[in-house]
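This is work00.tsv. It holds TSV, C-alpha atoms and all ligand atoms.
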chain	number	residue	atom	x	y	z
A	403	MET	CA	4.24	-0.80	-41.60
A	404	ALA	CA	7.38	-0.81	-39.56
A	405	VAL	CA	9.97	1.72	-40.68
A	406	LEU	CA	12.78	-0.34	-39.27
A	407	SER	CA	12.82	-4.04	-38.46
A	408	ALA	CA	15.38	-6.43	-37.07
A	409	VAL	CA	14.64	-9.97	-38.25
A	410	ASN	CA	16.57	-12.74	-36.51
A	411	LEU	CA	19.42	-10.30	-36.18
A	412	LYS	CA	22.74	-11.68	-34.90
A	413	LYS	CA	26.03	-10.07	-33.98
A	414	ASN	CA	29.28	-11.77	-33.08
A	415	TYR	CA	32.58	-10.13	-32.22
A	416	GLY	CA	34.98	-12.99	-32.98
A	417	ASP	CA	33.77	-15.85	-30.80
A	418	VAL	CA	31.66	-13.60	-28.61
A	419	ASN	CA	27.97	-13.74	-29.41
A	420	VAL	CA	26.71	-10.33	-28.36
A	421	ILE	CA	23.27	-10.47	-30.01
A	422	PRO	CA	22.09	-14.08	-30.43
A	423	ASN	CA	18.77	-13.55	-32.22
A	424	LEU	CA	16.87	-10.31	-32.04
A	425	ASN	CA	13.53	-9.29	-33.53
A	426	LEU	CA	12.14	-5.76	-33.35
A	427	ASP	CA	9.66	-3.65	-35.32
A	428	VAL	CA	9.84	0.12	-34.96
A	429	GLU	CA	6.74	1.94	-36.17
A	430	GLU	CA	6.72	5.15	-38.18
A	431	GLY	CA	6.98	8.25	-36.00
A	432	ASP	CA	7.37	6.33	-32.75
A	433	PHE	CA	9.80	7.27	-30.02
A	434	THR	CA	11.33	3.91	-29.12
A	435	VAL	CA	13.65	3.59	-26.14
A	436	LEU	CA	16.20	0.83	-25.55
A	437	VAL	CA	17.15	0.13	-21.93
A	438	GLY	CA	19.14	-2.63	-20.29
A	439	PRO	CA	22.20	-3.26	-18.13
A	440	SER	CA	25.64	-2.16	-19.28
A	441	GLY	CA	27.02	-4.49	-21.95
A	442	CYS	CA	23.65	-5.91	-23.05
A	443	GLY	CA	24.16	-4.75	-26.65
A	444	LYS	CA	22.25	-1.44	-26.93
A	445	SER	CA	25.03	0.51	-28.65
A	446	THR	CA	25.90	-2.47	-30.84
A	447	LEU	CA	22.29	-2.63	-32.03
A	448	LEU	CA	22.16	1.12	-32.77
A	449	ARG	CA	25.48	0.97	-34.60
A	450	MET	CA	24.21	-1.87	-36.79
A	451	MET	CA	21.11	0.19	-37.59
A	452	ALA	CA	23.31	3.15	-38.52
A	453	GLY	CA	25.58	0.99	-40.68
A	454	LEU	CA	28.64	1.57	-38.49
A	455	GLU	CA	28.83	-2.11	-37.57
A	456	ASP	CA	28.36	-5.21	-39.77
A	457	VAL	CA	25.42	-7.52	-39.26
A	458	THR	CA	26.72	-11.07	-38.64
A	459	ASN	CA	23.51	-12.78	-39.62
A	460	GLY	CA	19.80	-12.12	-40.08
A	461	GLU	CA	18.33	-9.02	-41.60
A	462	LEU	CA	17.99	-5.36	-40.87
A	463	GLN	CA	15.14	-3.86	-42.89
A	464	ILE	CA	14.35	-0.22	-43.57
A	465	ASP	CA	10.93	0.38	-45.11
A	466	GLY	CA	10.61	-3.36	-45.61
A	467	ARG	CA	13.80	-3.67	-47.66
A	468	ARG	CA	17.04	-5.38	-46.69
A	469	ALA	CA	19.49	-2.73	-45.52
A	470	ASN	CA	22.37	-4.90	-44.26
A	471	ASP	CA	24.70	-3.89	-47.06
A	472	LEU	CA	23.57	-0.31	-47.58
A	473	HIS	CA	26.19	2.36	-46.97
A	474	PRO	CA	25.41	4.47	-43.86
A	475	ARG	CA	24.64	7.46	-46.10
A	476	GLU	CA	22.09	5.51	-48.11
A	477	ARG	CA	20.02	4.44	-45.11
A	478	GLY	CA	18.27	7.67	-44.21
A	479	VAL	CA	19.47	7.08	-40.66
A	480	SER	CA	21.38	9.60	-38.51
A	481	MET	CA	23.01	9.01	-35.15
A	482	VAL	CA	23.73	11.31	-32.21
A	483	PHE	CA	26.51	10.05	-29.96
A	484	GLN	CA	26.96	10.46	-26.22
A	485	SER	CA	30.19	12.40	-26.74
A	486	TYR	CA	28.56	14.53	-29.53
A	487	ALA	CA	31.79	14.08	-31.56
A	488	LEU	CA	31.78	17.65	-32.91
A	489	TYR	CA	34.78	18.91	-34.88
A	490	PRO	CA	36.45	21.36	-32.49
A	491	HIS	CA	38.14	23.48	-35.18
A	492	MET	CA	34.93	24.02	-37.18
A	493	THR	CA	32.20	26.55	-36.50
A	494	VAL	CA	28.71	25.45	-35.49
A	495	ALA	CA	27.52	26.12	-39.05
A	496	ASP	CA	30.30	24.00	-40.56
A	497	ASN	CA	29.70	21.21	-38.07
A	498	ILE	CA	26.01	21.08	-38.94
A	499	GLY	CA	26.64	21.29	-42.68
A	500	PHE	CA	29.57	18.88	-42.81
A	501	GLY	CA	27.55	15.85	-43.91
A	502	LEU	CA	25.97	17.80	-46.74
A	503	LYS	CA	29.39	19.04	-47.83
A	504	LEU	CA	30.65	15.46	-48.00
A	505	GLU	CA	27.69	14.65	-50.20
A	506	GLY	CA	28.89	17.38	-52.59
A	507	ARG	CA	25.86	19.64	-52.17
A	508	LYS	CA	26.04	23.24	-53.39
A	509	LYS	CA	27.21	25.91	-50.95
A	510	SER	CA	23.97	27.89	-51.19
A	511	GLU	CA	21.91	24.76	-50.59
A	512	ILE	CA	24.00	23.86	-47.54
A	513	LYS	CA	23.69	27.36	-46.15
A	514	GLN	CA	19.93	27.30	-46.42
A	515	ALA	CA	19.62	23.86	-44.84
A	516	VAL	CA	21.92	24.84	-41.97
A	517	HIS	CA	19.91	27.99	-41.28
A	518	GLU	CA	16.63	26.09	-41.26
A	519	VAL	CA	17.97	23.58	-38.76
A	520	ALA	CA	19.57	26.31	-36.65
A	521	ASP	CA	16.21	28.08	-36.43
A	522	THR	CA	14.43	24.95	-35.29
A	523	LEU	CA	17.03	24.33	-32.60
A	524	GLN	CA	17.50	27.97	-31.62
A	525	LEU	CA	21.12	27.97	-32.68
A	526	GLY	CA	20.83	30.94	-35.04
A	527	GLU	CA	22.92	33.23	-32.85
A	528	LEU	CA	25.67	30.68	-32.37
A	529	LEU	CA	26.47	29.65	-35.93
A	530	GLU	CA	29.91	31.29	-36.04
A	531	ARG	CA	31.08	29.93	-32.68
A	532	LYS	CA	33.34	26.93	-32.20
A	533	PRO	CA	32.16	23.99	-30.03
A	534	GLY	CA	34.60	25.03	-27.26
A	535	GLN	CA	32.62	28.26	-26.85
A	536	LEU	CA	29.31	26.48	-26.22
A	537	SER	CA	27.59	25.05	-23.14
A	538	GLY	CA	26.89	21.31	-22.88
A	539	GLY	CA	23.26	21.77	-23.88
A	540	GLN	CA	24.18	23.92	-26.87
A	541	ARG	CA	26.72	21.34	-28.07
A	542	GLN	CA	24.06	18.74	-27.75
A	543	ARG	CA	21.77	20.77	-29.96
A	544	VAL	CA	24.53	21.15	-32.56
A	545	ALA	CA	24.95	17.36	-32.57
A	546	ILE	CA	21.21	16.99	-33.14
A	547	GLY	CA	21.37	19.65	-35.85
A	548	ARG	CA	24.06	17.71	-37.64
A	549	ALA	CA	21.94	14.58	-37.43
A	550	ILE	CA	18.72	16.11	-38.75
A	551	VAL	CA	20.08	18.40	-41.45
A	552	ARG	CA	19.99	15.51	-43.90
A	553	LYS	CA	16.31	14.97	-43.10
A	554	PRO	CA	16.70	11.40	-41.90
A	555	ARG	CA	13.85	8.89	-41.82
A	556	ILE	CA	15.20	7.62	-38.52
A	557	ILE	CA	17.28	9.29	-35.84
A	558	LEU	CA	19.30	7.26	-33.34
A	559	PHE	CA	20.45	8.60	-29.98
A	560	ASP	CA	23.02	6.78	-27.85
A	561	GLU	CA	22.71	8.18	-24.31
A	562	PRO	CA	22.75	11.78	-25.52
A	563	LEU	CA	22.10	13.40	-22.15
A	564	SER	CA	24.35	11.42	-19.86
A	565	ASN	CA	27.15	14.02	-19.91
A	566	LEU	CA	24.89	16.83	-18.72
A	567	ASP	CA	24.15	17.95	-15.17
A	568	ALA	CA	20.78	17.07	-13.65
A	569	LYS	CA	19.04	20.38	-14.38
A	570	LEU	CA	20.18	20.55	-17.99
A	571	ARG	CA	19.17	16.94	-18.51
A	572	VAL	CA	15.61	17.75	-17.57
A	573	GLU	CA	15.59	20.79	-19.86
A	574	MET	CA	17.07	18.88	-22.78
A	575	ARG	CA	14.69	16.01	-22.21
A	576	MET	CA	11.79	18.39	-22.61
A	577	GLU	CA	13.37	19.97	-25.69
A	578	LEU	CA	13.86	16.57	-27.30
A	579	MET	CA	10.26	15.65	-26.57
A	580	LYS	CA	9.05	18.89	-28.14
A	581	PHE	CA	11.35	18.35	-31.11
A	582	HIS	CA	9.94	14.88	-31.61
A	583	ARG	CA	6.37	16.11	-31.31
A	584	ASN	CA	6.95	18.85	-33.89
A	585	HIS	CA	8.90	16.83	-36.44
A	586	ASN	CA	7.69	13.32	-35.79
A	587	ILE	CA	10.92	11.70	-36.95
A	588	THR	CA	11.06	8.03	-36.00
A	589	THR	CA	13.45	7.94	-33.05
A	590	ILE	CA	15.37	5.18	-31.32
A	591	TYR	CA	16.91	6.31	-28.08
A	592	VAL	CA	19.26	4.51	-25.69
A	593	THR	CA	19.35	5.58	-22.07
A	594	HIS	CA	20.29	4.35	-18.61
A	595	ASP	CA	17.87	6.77	-17.04
A	596	GLN	CA	14.53	5.22	-16.15
A	597	VAL	CA	12.75	8.53	-15.84
A	598	GLU	CA	13.92	9.45	-19.33
A	599	ALA	CA	12.77	6.10	-20.67
A	600	MET	CA	9.37	6.16	-18.99
A	601	THR	CA	8.56	9.79	-19.82
A	602	MET	CA	9.82	9.96	-23.40
A	603	ALA	CA	8.97	6.58	-24.90
A	604	ASP	CA	5.98	5.43	-26.90
A	605	LYS	CA	7.47	1.97	-26.46
A	606	ILE	CA	10.43	0.62	-24.52
A	607	ALA	CA	12.53	-2.44	-25.40
A	608	VAL	CA	14.05	-3.92	-22.25
A	609	MET	CA	17.23	-5.77	-23.24
A	610	GLU	CA	19.30	-8.36	-21.40
A	611	LYS	CA	22.35	-10.12	-22.85
A	612	GLY	CA	21.40	-9.27	-26.42
A	613	HIS	CA	17.77	-10.41	-26.04
A	614	ILE	CA	14.70	-8.21	-25.93
A	615	GLN	CA	12.89	-9.34	-22.82
A	616	GLN	CA	9.82	-7.17	-23.41
A	617	PHE	CA	8.85	-4.52	-25.94
A	618	ASP	CA	5.88	-2.60	-24.68
A	619	THR	CA	4.43	0.73	-23.58
A	620	PRO	CA	5.89	2.24	-20.39
A	621	LYS	CA	2.56	1.66	-18.67
A	622	ASN	CA	2.42	-2.04	-19.51
A	623	LEU	CA	6.06	-2.60	-18.58
A	624	PHE	CA	5.31	-1.19	-15.18
A	625	SER	CA	1.95	-2.80	-14.52
A	626	ALA	CA	2.45	-6.15	-16.28
A	627	PRO	CA	6.13	-7.04	-16.60
A	628	ALA	CA	6.49	-10.21	-18.70
A	629	ASN	CA	9.14	-11.85	-16.52
A	630	PRO	CA	11.13	-11.30	-13.31
A	631	PHE	CA	13.99	-9.59	-15.15
A	632	VAL	CA	11.73	-6.82	-16.48
A	633	ALA	CA	9.91	-6.67	-13.15
A	634	GLY	CA	13.17	-5.98	-11.35
A	635	PHE	CA	14.57	-3.66	-14.00
A	636	ILE	CA	11.67	-1.23	-14.39
A	637	GLY	CA	10.72	0.79	-11.32
A	638	SER	CA	12.68	2.54	-8.60
A	639	PRO	CA	13.03	1.53	-5.82
A	640	GLN	CA	13.05	-1.93	-7.36
A	641	MET	CA	10.18	-4.34	-7.08
A	642	ASN	CA	10.52	-6.82	-4.19
A	643	LEU	CA	10.97	-10.22	-5.84
A	644	PHE	CA	10.86	-13.50	-3.96
A	645	ASP	CA	11.93	-16.90	-5.32
A	646	ILE	CA	9.33	-19.34	-4.09
A	647	THR	CA	10.69	-22.74	-3.13
A	648	LYS	CA	7.64	-24.35	-1.56
A	649	VAL	CA	3.91	-23.70	-1.64
A	650	THR	CA	1.51	-25.00	1.01
A	651	ASP	CA	-2.11	-24.16	1.79
A	652	ALA	CA	-1.03	-21.61	4.32
A	653	SER	CA	2.23	-20.16	3.11
A	654	LEU	CA	4.86	-19.59	0.45
A	655	GLN	CA	8.46	-20.36	1.43
A	656	THR	CA	11.08	-18.13	-0.13
A	657	SER	CA	14.65	-19.02	-1.07
A	658	GLY	CA	15.76	-16.43	1.49
A	659	ASN	CA	14.13	-18.37	4.36
A	660	ALA	CA	11.12	-16.14	4.76
A	661	GLU	CA	7.52	-17.21	4.89
A	662	ILE	CA	4.73	-15.36	3.11
A	663	LYS	CA	1.42	-16.21	4.78
A	664	ILE	CA	-1.52	-16.75	2.49
A	665	ASN	CA	-5.19	-17.13	3.11
A	666	PRO	CA	-5.97	-20.87	2.51
A	667	SER	CA	-8.96	-19.92	0.36
A	668	ALA	CA	-6.55	-18.26	-2.08
A	669	ALA	CA	-3.98	-21.08	-2.08
A	670	SER	CA	-4.90	-22.40	-5.54
A	671	HIS	CA	-3.92	-19.04	-6.98
A	672	PHE	CA	-0.30	-19.68	-6.06
A	673	SER	CA	-0.02	-23.39	-6.84
A	674	ASP	CA	2.45	-23.28	-9.75
A	675	ILE	CA	4.40	-20.17	-9.07
A	676	ALA	CA	8.18	-19.87	-8.87
A	677	ALA	CA	8.46	-16.16	-8.13
A	678	LEU	CA	6.32	-13.47	-6.57
A	679	GLY	CA	6.89	-9.74	-6.93
A	680	VAL	CA	5.36	-6.73	-5.23
A	681	ARG	CA	6.36	-3.11	-5.73
A	682	PRO	CA	7.42	-1.06	-2.67
A	683	GLU	CA	4.34	1.16	-3.08
A	684	HIS	CA	2.00	-1.83	-2.84
A	685	LEU	CA	2.91	-2.80	0.71
A	686	SER	CA	1.05	-1.72	3.80
A	687	ILE	CA	1.90	-2.11	7.48
A	688	HIS	CA	-0.33	-4.05	9.86
A	689	GLU	CA	-0.13	-5.38	13.37
A	690	GLN	CA	-1.58	-8.72	12.39
A	691	SER	CA	-1.20	-11.18	9.56
A	692	ASP	CA	-3.47	-10.53	6.60
A	693	ASN	CA	-4.58	-12.34	3.40
A	694	LEU	CA	-1.10	-12.14	1.94
A	695	SER	CA	1.55	-10.90	4.31
A	696	ILE	CA	5.02	-11.39	5.69
A	697	GLU	CA	6.39	-10.78	9.15
A	698	ALA	CA	9.36	-8.44	8.95
A	699	GLU	CA	11.65	-6.29	11.06
A	700	VAL	CA	12.31	-2.61	10.38
A	701	ASP	CA	15.96	-2.20	9.33
A	702	LEU	CA	16.29	1.34	8.02
A	703	ILE	CA	14.01	4.35	7.58
A	704	GLU	CA	14.59	6.98	4.90
A	705	SER	CA	12.30	10.00	5.31
A	706	LEU	CA	12.08	12.07	2.15
A	707	GLY	CA	9.56	14.65	3.32
A	708	ASP	CA	6.45	13.65	1.41
A	709	GLU	CA	7.28	9.95	1.40
A	710	SER	CA	9.23	7.37	3.41
A	711	ILE	CA	11.24	4.50	2.08
A	712	ILE	CA	11.47	1.82	4.75
A	713	HIS	CA	13.76	-1.19	4.48
A	714	PHE	CA	12.78	-4.42	6.24
A	715	VAL	CA	14.32	-7.83	6.75
A	716	SER	CA	12.59	-11.17	6.99
A	717	GLY	CA	14.85	-14.23	7.21
A	718	ASN	CA	17.50	-13.41	4.62
A	719	GLU	CA	15.09	-11.44	2.45
A	720	ARG	CA	15.38	-7.70	2.20
A	721	ILE	CA	12.12	-5.89	1.52
A	722	THR	CA	11.57	-2.25	0.58
A	723	GLY	CA	8.38	-0.33	1.23
A	724	ARG	CA	7.37	3.09	0.01
A	725	PHE	CA	4.77	4.99	1.98
A	726	TYR	CA	3.11	8.30	1.28
A	727	THR	CA	1.61	8.73	4.74
A	728	GLU	CA	3.46	9.21	7.99
A	729	ILE	CA	4.55	5.87	9.43
A	730	ASN	CA	5.36	5.53	13.10
A	731	CYS	CA	7.76	2.67	13.53
A	732	GLN	CA	11.18	2.10	15.06
A	733	ILE	CA	14.23	0.30	13.86
A	734	GLY	CA	14.12	-3.27	15.13
A	735	GLN	CA	10.32	-3.30	15.43
A	736	LYS	CA	8.55	-6.44	14.18
A	737	LEU	CA	5.38	-6.00	12.16
A	738	PHE	CA	3.37	-7.49	9.30
A	739	LEU	CA	3.72	-6.25	5.75
A	740	SER	CA	0.61	-6.88	3.76
A	741	PHE	CA	0.83	-7.23	-0.05
A	742	ASP	CA	-1.87	-5.61	-2.15
A	743	MET	CA	-3.38	-8.67	-3.89
A	744	GLU	CA	-4.44	-6.62	-6.89
A	745	HIS	CA	-0.82	-5.64	-7.52
A	746	VAL	CA	1.07	-8.85	-6.89
A	747	HIS	CA	3.07	-10.19	-9.86
A	748	LEU	CA	3.32	-13.96	-10.21
A	749	PHE	CA	5.76	-15.84	-12.44
A	750	ASP	CA	6.08	-19.54	-13.24
A	751	GLU	CA	9.15	-21.80	-13.43
A	752	LYS	CA	9.84	-20.71	-16.99
A	753	ASN	CA	9.90	-17.07	-15.84
A	754	ASN	CA	6.65	-16.31	-17.62
A	755	ARG	CA	4.08	-14.04	-16.10
A	756	VAL	CA	1.10	-15.91	-14.64
A	757	SER	CA	-0.82	-12.88	-13.36
A	801	LIG	N1	34.54	-4.14	-30.90
A	801	LIG	C1	34.20	-5.05	-29.99
A	801	LIG	N2	34.86	-6.22	-29.87
A	801	LIG	C2	34.51	-7.15	-28.97
A	801	LIG	N3	33.47	-7.02	-28.12
A	801	LIG	C3	32.75	-5.88	-28.18
A	801	LIG	C4	33.08	-4.83	-29.10
A	801	LIG	N4	32.20	-3.83	-28.93
A	801	LIG	C5	31.37	-4.24	-27.93
A	801	LIG	N5	31.71	-5.46	-27.49
A	801	LIG	C6	31.02	-6.23	-26.43
A	801	LIG	O1	29.67	-6.35	-26.81
A	801	LIG	C7	28.82	-6.28	-25.69
A	801	LIG	C8	27.77	-5.24	-25.93
A	801	LIG	O2	28.37	-3.95	-25.95
A	801	LIG	P1	27.54	-2.61	-26.14
A	801	LIG	O3	28.51	-1.50	-26.24
A	801	LIG	O4	26.58	-2.79	-27.25
A	801	LIG	O5	26.75	-2.57	-24.76
A	801	LIG	P2	25.76	-1.44	-24.21
A	801	LIG	O6	24.48	-2.12	-23.91
A	801	LIG	O7	25.74	-0.28	-25.12
A	801	LIG	O8	26.45	-1.07	-22.82
A	801	LIG	P3	26.58	0.38	-22.08
A	801	LIG	O9	25.25	0.57	-21.40
A	801	LIG	O10	27.68	0.16	-21.11
A	801	LIG	O11	26.88	1.42	-23.11
A	801	LIG	C9	29.72	-5.99	-24.49
A	801	LIG	O12	29.91	-7.18	-23.81
A	801	LIG	C10	30.99	-5.48	-25.11
A	801	LIG	O13	32.10	-5.83	-24.32
A	802	MG	MG	26.37	1.71	-25.00

So, in terms of structure tokens, how does the structure I just supplied come out?
Amino acid sequence: MAVLSAVNLKKNYGDVNVIPNLNLDVEEGDFTVLVGPSGCGKSTLLRMMAGLEDVTNGELQIDGRRANDLHPRERGVSMVFQSYALYPHMTVADNIGFGLKLEGRKKSEIKQAVHEVADTLQLGELLERKPGQLSGGQRQRVAIGRAIVRKPRIILFDEPLSNLDAKLRVEMRMELMKFHRNHNITTIYVTHDQVEAMTMADKIAVMEKGHIQQFDTPKNLFSAPANPFVAGFIGSPQMNLFDITKVTDASLQTSGNAEIKINPSAASHFSDIAALGVRPEHLSIHEQSDNLSIEAEVDLIESLGDESIIHFVSGNERITGRFYTEINCQIGQKLFLSFDMEHVHLFDEKNNRVS
């Protein structure tokens, strides 16, 4: 059974409808990641789960029971914020134990719980320090300590690593993954970082304007995006996406005045499509037209050592290719880009995936 469910969940701020109607089931022990453009409602959703924000309509369920009106402390949910929000004048030990103190627990009980958590997070040596005397990663661990000391059923993270430098982010990412593997606490994690999302998640919810566009495993999101939004959002460099305005036996016309040549024997495959996507890694360069190809001009070459990212133009379309072998081409050169048929994503007029 789902530990946490959103059932027709709605959120308005005054007249602004931030979450129109959202459904989500988070399974016990899963690491669920929420991604989506800025302002799509990720933090709002987390804050409703934590009880820091009212639900306008619909239901939030924890263990199958309505939780809309439960006090944050009664939900078994803890949240770690981007800013950590530690109390600067308190020691690490007092910061971690603060929630238990508010609950009126005994001093000895608090001390024991704080020490247990500190051991798990390797904070034992730092318990008497103040947050100002800690590194970013250590502060982050204190914030996690404070969240887990009450043994929550669910832990929510709102972009917890975005304040850290690149190296520390990678370290903390691995620590969080280990922590999750060892404790198996159901986790819901918001991030802007695709690598974080893809590497940490059991399942990812891709959000846009308060809607969940797809809720799936990282692998499925990548290989079978449900619609063009998800197709363009997951993957870097982005998938090349073409709006198709006209389909004939020999070609697909794009809204950017380019022509994708198709083999007439495969024309029926494309009859009802409104968009075609192909990832940069699924392009190859040829001197002649192929089964599915586009004539393009080399615009920019980025050599990254073991791979090259090459940008092309065709009509008003911009196309990106990623190549793992050495490519000899010059800026301005015209050539054919062939699309790997096995890895082409097709969408219909209603933005649904066709294949
Ligand atoms: N208190 C508020 N009053 C009015 N509108 C709000 C309030 N809080 C958030 N919003 C609006 O709700 C929408 C969703 O905000 P939210 O903070 O959930 O986005 P987000 O997905 O977390 O974005 P980001 O990635 O930038 O953190 C935004 O358009 C925001 O302007
Ligand atoms: Mg946010």

Next on the checklist: For a quick check of understanding, using all atoms listed in the file, which of A:Asp618, A:Asp456, A:Glu661, A:Asp560 has the smallest distance to Met600 of chain A?
Outcome noted: A:Asp618

Distance query segment 407-418 of chain A at most 8 Å, only C-alpha atoms, self and fewer than 5 positions along chain excluded, as a PDB file with C-alpha atoms, in the frame of the given file:
ATOM      1  CA  ASN A 423      18.770 -13.550 -32.220  1.00  0.00           C
ATOM      2  CA  LEU A 424      16.870 -10.310 -32.040  1.00  0.00           C
ATOM      3  CA  ASN A 425      13.530  -9.290 -33.530  1.00  0.00           C
ATOM      4  CA  LEU A 426      12.140  -5.760 -33.350  1.00  0.00           C
ATOM      5  CA  ASP A 427       9.660  -3.650 -35.320  1.00  0.00           C
ATOM      6  CA  VAL A 428       9.840   0.120 -34.960  1.00  0.00           C
ATOM      7  CA  ASP A 456      28.360  -5.210 -39.770  1.00  0.00           C
ATOM      8  CA  VAL A 457      25.420  -7.520 -39.260  1.00  0.00           C
ATOM      9  CA  THR A 458      26.720 -11.070 -38.640  1.00  0.00           C
ATOM     10  CA  ASN A 459      23.510 -12.780 -39.620  1.00  0.00           C
ATOM     11  CA  GLY A 460      19.800 -12.120 -40.080  1.00  0.00           C
ATOM     12  CA  GLU A 461      18.330  -9.020 -41.600  1.00  0.00           C
ATOM     13  CA  LEU A 462      17.990  -5.360 -40.870  1.00  0.00           C
ATOM     14  CA  GLN A 463      15.140  -3.860 -42.890  1.00  0.00           C
ATOM     15  CA  ILE A 464      14.350  -0.220 -43.570  1.00  0.00           C
ATOM     16  CA  GLY A 466      10.610  -3.360 -45.610  1.00  0.00           C
TER      17      GLY A 466
END

Item to check | Near-ligand residues for ligand MG 802 (chain A), threshold 10 Å, only C-alpha atoms and all ligand atoms, as a list in words | outcome: Val437, Gly438, Pro439, Ser440, Gly441, Cys442, Gly443, Lys444, Ser445, Thr446, Leu447, Leu448, Arg449, Phe483, Gln484, Asp560, Glu561, Val592, Thr593 and His594 of chain A

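Of the residues under consideration (A:Ser564, A:Lys736, A:Glu709, A:Ile675), A:Ile675 shows the shortest atom-to-atom contact distance to Asp645 of chain A when counting all atoms listed in the file.
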
Checklist entry - Can you tell me, as a list in words, what residues are no more than 12 Å from Asp567 of chain A when counting all atoms listed in the file, ignoring any on the same chain fewer than 5 positions away? => result Ser537, Gly538, Gly539, Val572, Glu573, Met574 and Arg575 of chain A

Next on the checklist: Given the point (8.8, -21.5, -15.2) in the coordinates of this file, which residues lie within 9 Å, counting only C-alpha atoms, and how would they look as JSON, numbers by chain?
Outcome noted: {"A": [674, 675, 676, 677, 749, 750, 751, 752, 753, 754, 755]}

Write to file, as a short mmCIF file (atom, residue, chain, number, x, y, z; two decimals), in the coordinates of the input, the residues of the selection just made, with C-alpha atoms.
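The result, stored in result_14.cif:
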data_model
loop_
_atom_site.label_atom_id
_atom_site.label_comp_id
_atom_site.auth_asym_id
_atom_site.auth_seq_id
_atom_site.Cartn_x
_atom_site.Cartn_y
_atom_site.Cartn_z
CA ASP A 674 2.45 -23.28 -9.75
CA ILE A 675 4.40 -20.17 -9.07
CA ALA A 676 8.18 -19.87 -8.87
CA ALA A 677 8.46 -16.16 -8.13
CA PHE A 749 5.76 -15.84 -12.44
CA ASP A 750 6.08 -19.54 -13.24
CA GLU A 751 9.15 -21.80 -13.43
CA LYS A 752 9.84 -20.71 -16.99
CA ASN A 753 9.90 -17.07 -15.84
CA ASN A 754 6.65 -16.31 -17.62
CA ARG A 755 4.08 -14.04 -16.10
#

All file atoms of ligand LIG 801 (chain A) boxed axis-aligned, 6 Å per side, centre plus edges, as AutoDock Vina command-line options:
--center_x 29.7 --center_y -2.9 --center_z -26.0 --size_x 22.4 --size_y 20.6 --size_z 21.8

Item to check | Who sits within 8 Å of segment 507-517 of chain A, all atoms listed in the file, same chain under 4 positions skipped, as a ChimeraX atom specification | outcome: /A:495,498-499,502-503,521,526,551

Checklist entry - Distance atom CA of Gln732 of chain A-atom CA of Val700 of chain A, one decimal place? => result 6.7 Å

Item to check | Coordinates-based distance that separates atom CA of Ala568 of chain A from atom CA of Ala549 of chain A (Å, one decimal) | outcome: 23.9 Å

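The spacing separating atom CA of Asn665 of chain A from atom CA of Ser691 of chain A amounts to 9.6 Å.
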
Item to check | Non-local contacts of Ala452 of chain A (12 Å; all atoms listed in the file; under 6 positions in same chain excluded) as a PyMOL selection string | outcome: chain A and resi 406+445-446+462-464+469-483+549+554-560+590

Would you mind exporting C-alpha atoms of the selected residues as a PDB file, in the frame of the given file?
ATOM      1  CA  LEU A 406      12.780  -0.340 -39.270  1.00  0.00           C
ATOM      2  CA  SER A 445      25.030   0.510 -28.650  1.00  0.00           C
ATOM      3  CA  THR A 446      25.900  -2.470 -30.840  1.00  0.00           C
ATOM      4  CA  LEU A 462      17.990  -5.360 -40.870  1.00  0.00           C
ATOM      5  CA  GLN A 463      15.140  -3.860 -42.890  1.00  0.00           C
ATOM      6  CA  ILE A 464      14.350  -0.220 -43.570  1.00  0.00           C
ATOM      7  CA  ALA A 469      19.490  -2.730 -45.520  1.00  0.00           C
ATOM      8  CA  ASN A 470      22.370  -4.900 -44.260  1.00  0.00           C
ATOM      9  CA  ASP A 471      24.700  -3.890 -47.060  1.00  0.00           C
ATOM     10  CA  LEU A 472      23.570  -0.310 -47.580  1.00  0.00           C
ATOM     11  CA  HIS A 473      26.190   2.360 -46.970  1.00  0.00           C
ATOM     12  CA  PRO A 474      25.410   4.470 -43.860  1.00  0.00           C
ATOM     13  CA  ARG A 475      24.640   7.460 -46.100  1.00  0.00           C
ATOM     14  CA  GLU A 476      22.090   5.510 -48.110  1.00  0.00           C
ATOM     15  CA  ARG A 477      20.020   4.440 -45.110  1.00  0.00           C
ATOM     16  CA  GLY A 478      18.270   7.670 -44.210  1.00  0.00           C
ATOM     17  CA  VAL A 479      19.470   7.080 -40.660  1.00  0.00           C
ATOM     18  CA  SER A 480      21.380   9.600 -38.510  1.00  0.00           C
ATOM     19  CA  MET A 481      23.010   9.010 -35.150  1.00  0.00           C
ATOM     20  CA  VAL A 482      23.730  11.310 -32.210  1.00  0.00           C
ATOM     21  CA  PHE A 483      26.510  10.050 -29.960  1.00  0.00           C
ATOM     22  CA  ALA A 549      21.940  14.580 -37.430  1.00  0.00           C
ATOM     23  CA  PRO A 554      16.700  11.400 -41.900  1.00  0.00           C
ATOM     24  CA  ARG A 555      13.850   8.890 -41.820  1.00  0.00           C
ATOM     25  CA  ILE A 556      15.200   7.620 -38.520  1.00  0.00           C
ATOM     26  CA  ILE A 557      17.280   9.290 -35.840  1.00  0.00           C
ATOM     27  CA  LEU A 558      19.300   7.260 -33.340  1.00  0.00           C
ATOM     28  CA  PHE A 559      20.450   8.600 -29.980  1.00  0.00           C
ATOM     29  CA  ASP A 560      23.020   6.780 -27.850  1.00  0.00           C
ATOM     30  CA  ILE A 590      15.370   5.180 -31.320  1.00  0.00           C
TER      31      ILE A 590
END

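Shortest separation to ligand LIG 801 (chain A) among A:Gly612, A:Gly658, A:Pro533, A:Pro620 occurs at residue A:Gly612, atoms counted being all atoms listed in the file.
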